[in-house]
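Novice: Structure file upload_20.pdb, PDB, C-alpha atoms, pLDDT in the B column, is pasted below:
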ATOM      1  CA  MET A 202       3.678 -13.950  10.404  1.00 65.00           C
ATOM      2  CA  PHE A 203       4.663 -11.393   7.793  1.00 68.00           C
ATOM      3  CA  VAL A 204       8.068  -9.668   7.993  1.00 70.00           C
ATOM      4  CA  VAL A 205       8.722  -6.473   6.022  1.00 68.00           C
ATOM      5  CA  PRO A 206      12.337  -5.458   5.393  1.00 69.00           C
ATOM      6  CA  ARG A 207      13.279  -1.924   6.429  1.00 67.00           C
ATOM      7  CA  GLY A 208      12.366   0.752   3.901  1.00 65.00           C
ATOM      8  CA  LEU A 209       9.794  -1.282   1.978  1.00 69.00           C
ATOM      9  CA  VAL A 210       6.107  -0.453   1.776  1.00 69.00           C
ATOM     10  CA  HIS A 211       3.754  -3.397   1.769  1.00 70.00           C
ATOM     11  CA  PHE A 212       0.073  -4.052   1.521  1.00 69.00           C
ATOM     12  CA  GLN A 213      -2.204  -6.824   2.639  1.00 75.00           C
ATOM     13  CA  MET A 214      -5.665  -7.609   1.363  1.00 76.00           C
ATOM     14  CA  ASN A 215      -8.201  -9.692   3.193  1.00 82.00           C
ATOM     15  CA  VAL A 216      -9.655 -12.068   0.592  1.00 85.00           C
ATOM     16  CA  GLY A 217     -11.803 -13.910   3.117  1.00 88.00           C
ATOM     17  CA  ASP A 218     -15.358 -13.273   4.226  1.00 92.00           C
ATOM     18  CA  GLU A 219     -14.515 -12.578   7.874  1.00 92.00           C
ATOM     19  CA  THR A 220     -12.909  -9.560   9.512  1.00 90.00           C
ATOM     20  CA  ALA A 221      -9.106  -9.666   9.598  1.00 84.00           C
ATOM     21  CA  LEU A 222      -6.891  -8.397  12.427  1.00 82.00           C
ATOM     22  CA  ILE A 223      -3.267  -7.305  12.190  1.00 76.00           C
ATOM     23  CA  TYR A 224      -0.712  -6.393  14.834  1.00 77.00           C
ATOM     24  CA  THR A 225       2.146  -4.110  13.805  1.00 71.00           C
ATOM     25  CA  ALA A 226       5.486  -3.635  15.537  1.00 71.00           C
ATOM     26  CA  PHE A 227       8.650  -1.747  14.638  1.00 67.00           C
ATOM     27  CA  ASN A 228      12.113  -2.920  15.577  1.00 68.00           C
ATOM     28  CA  SER A 229      13.193   0.613  16.441  1.00 68.00           C
ATOM     29  CA  HIS A 230      11.828   3.825  17.925  1.00 66.00           C
ATOM     30  CA  LEU A 231      12.897   5.492  14.632  1.00 64.00           C
ATOM     31  CA  PRO A 232      11.731   3.252  11.769  1.00 62.00           C
ATOM     32  CA  GLY A 233      12.569   5.806   9.068  1.00 66.00           C
ATOM     33  CA  THR A 234      10.678   7.885   6.545  1.00 68.00           C
ATOM     34  CA  VAL A 235       8.806   6.507   3.565  1.00 67.00           C
ATOM     35  CA  PHE A 236       6.989   8.605   0.956  1.00 75.00           C
ATOM     36  CA  VAL A 237       3.885   6.487   0.566  1.00 77.00           C
ATOM     37  CA  SER A 238       2.415   8.362  -2.411  1.00 81.00           C
ATOM     38  CA  SER A 239       5.367   7.683  -4.710  1.00 81.00           C
ATOM     39  CA  ASN A 240       5.716   4.135  -3.387  1.00 78.00           C
ATOM     40  CA  LEU A 241       2.063   3.363  -4.162  1.00 84.00           C
ATOM     41  CA  PHE A 242       1.625   5.179  -7.459  1.00 86.00           C
ATOM     42  CA  GLY A 243       5.129   5.613  -8.890  1.00 81.00           C
ATOM     43  CA  THR A 244       6.368   2.040  -8.731  1.00 81.00           C
ATOM     44  CA  ARG A 245       7.508  -0.192 -11.592  1.00 82.00           C
ATOM     45  CA  PRO A 246       5.959  -2.701 -11.823  1.00 85.00           C
ATOM     46  CA  SER A 247       2.881  -0.888 -10.577  1.00 84.00           C
ATOM     47  CA  LEU A 248       0.504  -2.115  -7.925  1.00 86.00           C
ATOM     48  CA  PRO A 249      -2.659  -3.717  -9.325  1.00 90.00           C
ATOM     49  CA  ASP A 250      -5.448  -1.194  -9.900  1.00 92.00           C
ATOM     50  CA  ASP A 251      -7.979  -3.354  -8.060  1.00 91.00           C
ATOM     51  CA  VAL A 252      -5.822  -3.228  -4.913  1.00 88.00           C
ATOM     52  CA  LEU A 253      -5.563   0.576  -5.093  1.00 90.00           C
ATOM     53  CA  MET A 254      -9.291   0.946  -5.842  1.00 92.00           C
ATOM     54  CA  LYS A 255     -10.195  -1.148  -2.801  1.00 88.00           C
ATOM     55  CA  ALA A 256      -7.674   0.572  -0.518  1.00 84.00           C
ATOM     56  CA  PHE A 257      -8.799   4.100  -1.410  1.00 88.00           C
ATOM     57  CA  GLN A 258     -12.450   3.216  -2.148  1.00 92.00           C
ATOM     58  CA  VAL A 259     -12.432   4.956  -5.545  1.00 95.00           C
ATOM     59  CA  ASN A 260     -13.049   3.882  -9.143  1.00 96.00           C
ATOM     60  CA  LYS A 261     -10.463   3.201 -11.845  1.00 96.00           C
ATOM     61  CA  SER A 262     -10.687   6.679 -13.379  1.00 96.00           C
ATOM     62  CA  VAL A 263      -9.466   8.228 -10.116  1.00 95.00           C
ATOM     63  CA  ILE A 264      -6.578   5.736  -9.923  1.00 93.00           C
ATOM     64  CA  ASP A 265      -5.648   6.494 -13.547  1.00 92.00           C
ATOM     65  CA  GLN A 266      -5.712  10.221 -12.827  1.00 93.00           C
ATOM     66  CA  ILE A 267      -3.403   9.832  -9.819  1.00 92.00           C
ATOM     67  CA  ASN A 268      -1.071   7.458 -11.703  1.00 90.00           C
ATOM     68  CA  SER A 269      -0.730   9.998 -14.538  1.00 90.00           C
ATOM     69  CA  LYS A 270       0.852  12.476 -12.123  1.00 89.00           C
ATOM     70  CA  PHE A 271       3.624  10.028 -11.256  1.00 84.00           C
ATOM     71  CA  GLY A 272       4.516   9.251 -14.910  1.00 68.00           C
TER      72      GLY A 272
END
Take the structure in the file and give it back as structure tokens.
Specialist:
Amino acid sequence: MFVVPRGLVHFQMNVGDETALIYTAFNSHLPGTVFVSSNLFGTRPSLPDDVLMKAFQVNKSVIDQINSKFG
């Protein structure tokens, strides 16, 4: 079980060799608004580049280019 506090963005990475399955549920019909782009690329400390590269299926130069826009 993995519990995410309200307002926080999270990520999970399957490090195993088999397919992973996740079930998601919200505790409200109105969970709130989160700007994912600034939460993924504008954070301090930043998310690891390898996580972003795997999530978006791009190389490091693309991640660096996106990160530069969030200074």
Novice: Please evaluate the PyMOL selection byres ((chain A and resi 251-260) around 10) against the structure above and give the resulting residues as a ChimeraX atom specification.
Specialist: /A:212-214,241-242,248-250,261-265
Novice: Kindly indicate which residue among A:Thr225, A:His211, A:Asp218, A:Gly243 lies nearest to Ser269 (chain A), using all atoms listed in the file for the distances.
Specialist: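 Counting all atoms listed in the file, the residue closest to Ser269 (chain A) is A:Gly243.
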Novice: What does the distance from CA of Leu222 (chain A) to CA of Ile267 (chain A) come to in Å, to one decimal?
Specialist: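 CA of Leu222 (chain A) sits 29.0 Å away from CA of Ile267 (chain A).
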Novice: Taking only C-alpha atoms into account, name the residue in A:Ile223, A:Val204, A:Gly217, A:Asn268 that is nearest to Ser247 (chain A).
Specialist: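 Of all the options, A:Asn268 lies closest to Ser247 (chain A).
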